[in-house]
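**Q** mmCIF, N, CA and C atoms, file protein_2.cif:
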data_structure
#
loop_
_atom_site.label_atom_id
_atom_site.label_comp_id
_atom_site.auth_asym_id
_atom_site.auth_seq_id
_atom_site.Cartn_x
_atom_site.Cartn_y
_atom_site.Cartn_z
N MET N 1 156.57 179.75 146.24
CA MET N 1 156.31 179.70 147.66
C MET N 1 157.54 180.16 148.46
N LEU N 2 158.73 179.84 148.01
CA LEU N 2 159.92 180.16 148.79
C LEU N 2 160.65 181.41 148.28
N GLU N 3 160.07 182.09 147.31
CA GLU N 3 160.70 183.29 146.79
C GLU N 3 160.90 184.31 147.91
N GLY N 4 162.01 185.02 147.87
CA GLY N 4 162.26 186.07 148.84
C GLY N 4 162.71 185.58 150.21
N MET N 5 162.95 184.27 150.34
CA MET N 5 163.37 183.73 151.62
C MET N 5 164.78 184.22 151.94
N LYS N 6 164.96 184.75 153.15
CA LYS N 6 166.25 185.28 153.57
C LYS N 6 166.55 184.78 154.98
N PRO N 7 167.83 184.63 155.31
CA PRO N 7 168.16 184.21 156.68
C PRO N 7 167.80 185.31 157.67
N PRO N 8 167.52 184.95 158.92
CA PRO N 8 167.18 185.96 159.91
C PRO N 8 168.38 186.86 160.18
N VAL N 9 168.10 188.11 160.44
CA VAL N 9 169.14 189.08 160.77
C VAL N 9 169.39 189.01 162.26
N LYS N 10 170.64 188.82 162.63
CA LYS N 10 170.98 188.79 164.05
C LYS N 10 170.91 190.20 164.60
N GLU N 11 170.27 190.34 165.75
CA GLU N 11 170.15 191.66 166.37
C GLU N 11 171.48 192.11 166.94
N THR N 12 172.22 191.18 167.53
CA THR N 12 173.54 191.52 168.06
C THR N 12 174.52 190.44 167.65
N ALA N 13 175.70 190.85 167.32
CA ALA N 13 176.75 189.91 166.98
C ALA N 13 177.86 190.09 168.01
N PHE N 14 178.00 189.11 168.88
CA PHE N 14 179.03 189.21 169.90
C PHE N 14 179.48 187.81 170.28
N CYS N 15 180.58 187.76 170.95
CA CYS N 15 181.07 186.50 171.49
C CYS N 15 180.53 186.38 172.90
N LYS N 16 179.78 185.32 173.18
CA LYS N 16 179.18 185.16 174.49
C LYS N 16 180.22 185.00 175.59
N VAL N 17 181.36 184.41 175.26
CA VAL N 17 182.43 184.28 176.25
C VAL N 17 182.91 185.67 176.66
N GLN N 18 183.21 186.50 175.66
CA GLN N 18 183.69 187.85 175.95
C GLN N 18 182.60 188.69 176.62
N PHE N 19 181.37 188.58 176.14
CA PHE N 19 180.27 189.33 176.73
C PHE N 19 180.09 188.96 178.20
N THR N 20 180.13 187.66 178.50
CA THR N 20 179.99 187.19 179.88
C THR N 20 181.15 187.67 180.72
N ALA N 21 182.35 187.59 180.17
CA ALA N 21 183.54 188.03 180.90
C ALA N 21 183.43 189.50 181.30
N GLU N 22 182.88 190.31 180.43
CA GLU N 22 182.75 191.75 180.71
C GLU N 22 181.78 192.03 181.85
N GLN N 23 180.92 191.07 182.16
CA GLN N 23 179.94 191.26 183.24
C GLN N 23 180.51 190.86 184.60
N LEU N 24 181.68 190.24 184.61
CA LEU N 24 182.27 189.70 185.84
C LEU N 24 183.27 190.68 186.45
N SER N 25 183.65 190.41 187.69
CA SER N 25 184.72 191.18 188.32
C SER N 25 186.01 190.91 187.56
N GLU N 26 186.99 191.75 187.76
CA GLU N 26 188.25 191.59 187.04
C GLU N 26 188.89 190.23 187.32
N ALA N 27 188.89 189.80 188.57
CA ALA N 27 189.49 188.51 188.92
C ALA N 27 188.74 187.36 188.24
N ASP N 28 187.40 187.39 188.29
CA ASP N 28 186.62 186.33 187.66
C ASP N 28 186.77 186.37 186.14
N ARG N 29 186.88 187.56 185.57
CA ARG N 29 187.06 187.72 184.13
C ARG N 29 188.35 187.01 183.70
N GLU N 30 189.42 187.25 184.43
CA GLU N 30 190.69 186.62 184.09
C GLU N 30 190.61 185.10 184.20
N ILE N 31 189.93 184.62 185.23
CA ILE N 31 189.76 183.17 185.40
C ILE N 31 188.97 182.58 184.24
N LEU N 32 187.85 183.22 183.88
CA LEU N 32 187.02 182.71 182.79
C LEU N 32 187.78 182.69 181.47
N LEU N 33 188.43 183.79 181.13
CA LEU N 33 189.13 183.86 179.84
C LEU N 33 190.31 182.89 179.80
N SER N 34 190.99 182.72 180.92
CA SER N 34 192.09 181.77 180.99
C SER N 34 191.58 180.34 180.82
N ALA N 35 190.50 180.01 181.52
CA ALA N 35 189.92 178.67 181.42
C ALA N 35 189.38 178.42 180.01
N ALA N 36 188.79 179.43 179.40
CA ALA N 36 188.23 179.27 178.06
C ALA N 36 189.32 178.93 177.04
N ASP N 37 190.53 179.42 177.26
CA ASP N 37 191.64 179.15 176.34
C ASP N 37 192.48 177.95 176.76
N ASP N 38 192.22 177.39 177.93
CA ASP N 38 193.00 176.28 178.47
C ASP N 38 192.48 174.96 177.93
N THR N 39 193.27 174.30 177.09
CA THR N 39 192.81 173.05 176.48
C THR N 39 192.81 171.87 177.45
N ASP N 40 193.31 172.07 178.67
CA ASP N 40 193.17 171.03 179.69
C ASP N 40 191.70 170.88 180.09
N TRP N 41 190.93 171.95 179.92
CA TRP N 41 189.49 171.91 180.14
C TRP N 41 188.85 171.44 178.83
N THR N 42 188.04 170.40 178.89
CA THR N 42 187.23 170.09 177.71
C THR N 42 186.09 171.10 177.69
N GLY N 43 185.51 171.32 176.53
CA GLY N 43 184.41 172.26 176.43
C GLY N 43 183.24 171.86 177.32
N LYS N 44 182.92 170.58 177.32
CA LYS N 44 181.79 170.09 178.13
C LYS N 44 182.07 170.25 179.62
N ALA N 45 183.29 169.92 180.04
CA ALA N 45 183.63 170.03 181.47
C ALA N 45 183.59 171.48 181.92
N LEU N 46 184.13 172.38 181.11
CA LEU N 46 184.12 173.80 181.48
C LEU N 46 182.70 174.34 181.48
N SER N 47 181.92 173.99 180.48
CA SER N 47 180.53 174.43 180.43
C SER N 47 179.77 173.97 181.66
N ARG N 48 179.99 172.73 182.06
CA ARG N 48 179.33 172.17 183.24
C ARG N 48 179.77 172.90 184.52
N ALA N 49 181.09 173.15 184.65
CA ALA N 49 181.61 173.83 185.84
C ALA N 49 181.06 175.26 185.92
N LEU N 50 180.96 175.92 184.79
CA LEU N 50 180.41 177.28 184.77
C LEU N 50 178.92 177.26 185.13
N LYS N 51 178.20 176.28 184.59
CA LYS N 51 176.76 176.17 184.87
C LYS N 51 176.52 175.99 186.36
N GLU N 52 177.37 175.19 187.02
CA GLU N 52 177.24 174.98 188.47
C GLU N 52 177.41 176.29 189.24
N ARG N 53 178.04 177.27 188.60
CA ARG N 53 178.28 178.57 189.24
C ARG N 53 177.35 179.66 188.69
N GLY N 54 176.35 179.24 187.91
CA GLY N 54 175.35 180.18 187.42
C GLY N 54 175.70 180.89 186.14
N ILE N 55 176.72 180.41 185.42
CA ILE N 55 177.13 181.02 184.15
C ILE N 55 176.84 180.00 183.06
N PHE N 56 176.01 180.38 182.11
CA PHE N 56 175.56 179.46 181.08
C PHE N 56 176.21 179.77 179.74
N ILE N 57 177.25 179.00 179.42
CA ILE N 57 177.94 179.08 178.13
C ILE N 57 178.07 177.65 177.64
N SER N 58 177.58 177.38 176.44
CA SER N 58 177.59 176.01 175.93
C SER N 58 179.00 175.59 175.52
N ASP N 59 179.21 174.29 175.45
CA ASP N 59 180.51 173.77 175.01
C ASP N 59 180.79 174.17 173.57
N THR N 60 179.76 174.26 172.74
CA THR N 60 179.94 174.67 171.35
C THR N 60 180.43 176.12 171.27
N THR N 61 179.86 176.98 172.10
CA THR N 61 180.30 178.38 172.14
C THR N 61 181.74 178.47 172.60
N LEU N 62 182.11 177.68 173.60
CA LEU N 62 183.50 177.67 174.07
C LEU N 62 184.45 177.20 172.97
N LEU N 63 184.05 176.18 172.21
CA LEU N 63 184.86 175.68 171.12
C LEU N 63 185.04 176.74 170.04
N ARG N 64 183.96 177.41 169.66
CA ARG N 64 184.07 178.48 168.66
C ARG N 64 185.01 179.57 169.14
N HIS N 65 184.93 179.91 170.43
CA HIS N 65 185.81 180.95 170.99
C HIS N 65 187.27 180.48 170.93
N ARG N 66 187.53 179.25 171.31
CA ARG N 66 188.90 178.71 171.27
C ARG N 66 189.47 178.73 169.85
N GLN N 67 188.64 178.44 168.88
CA GLN N 67 189.09 178.41 167.49
C GLN N 67 189.05 179.78 166.83
N ARG N 68 188.64 180.78 167.61
CA ARG N 68 188.51 182.17 167.13
C ARG N 68 187.55 182.26 165.94
N HIS N 69 186.48 181.47 166.01
CA HIS N 69 185.40 181.54 165.02
C HIS N 69 184.25 182.36 165.57
N CYS N 70 184.56 183.25 166.48
CA CYS N 70 183.57 184.13 167.09
C CYS N 70 183.96 185.58 166.76
N GLN N 71 183.27 186.51 167.35
CA GLN N 71 183.58 187.92 167.09
C GLN N 71 184.94 188.33 167.64
N CYS N 72 185.49 187.56 168.58
CA CYS N 72 186.83 187.86 169.11
C CYS N 72 187.91 187.61 168.07
N GLY N 73 187.65 186.64 167.19
CA GLY N 73 188.67 186.19 166.26
C GLY N 73 188.95 187.16 165.18
#
Before we go any further, please render this structure as structure tokens.

**A**
Amino acid sequence: MLEGMKPPVKETAFCKVQFTAEQLSEADREILLSAADDTDWTGKALSRALKERGIFISDTTLLRHRQRHCQCG
């Protein structure tokens, strides 16, 4: 029954933090990338602050980016 089972192929492999940053103005890009690397921001607090401004990046994604376990790393 389970023969041939394979994990799904990702259509795109990118870092959502970097992808989102590229969509912003230069000033906002710098703010986002600086905040993403600033450990004074918890992942949840930064995710919440971004969400309030219409940018949806989860705390888990921010953590992966900080640890360079994303495509940026």

**Q** Please expand the PyMOL selection byres ((chain N and resi 40-44) around 7) into the concrete residues it hits in this file, giving the result as number ranges by chain.

**A** N: 35, 37-39, 45-49, 58-60, 62-63

**Q** At what distance in Å, to one decimal, does CA of Cys70 (chain N) lie from atom N of Pro8 (chain N)?

**A**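 Separating atom N of Pro8 (chain N) from CA of Cys70 (chain N) is a distance of 18.0 Å.
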
**Q** What gap, in Å, lies between atom N of Ile57 (chain N) and atom N of Thr20 (chain N)?

**A**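 Separation of atom N of Ile57 (chain N) and atom N of Thr20 (chain N): 9.2 Å.
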
**Q** What is the distance, in Å and to one decimal place, between atom N of Gly54 (chain N) and CA of Leu33 (chain N)?

**A**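 Atom-to-atom, atom N of Gly54 (chain N) to CA of Leu33 (chain N), that is 15.8 Å.
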
**Q** For region 11-25 of chain N, what centre and edge lengths in Å (one decimal) does the axis-aligned box get once 8 Å is added on each side of all its listed atoms, as AutoDock Vina command-line options?

**A**
--center_x 178.1 --center_y 188.2 --center_z 177.0 --size_x 31.9 --size_y 23.8 --size_z 38.6

**Q** Please give the complete set of residues from chain N that DSSP, run on the backbone, assigns to alpha helix (DSSP H), formatted as an MDAnalysis selection string.

**A** chainID N and resid 16:22 26:37 43:52 59:66

**Q** Restricting the calculation to all atoms listed in the file, which member of N:Ile31, N:Ala36, N:Leu2, N:Leu24 is positioned closest to His65 (chain N)?

**A**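 Among the listed residues, N:Ala36 lies closest to His65 (chain N).
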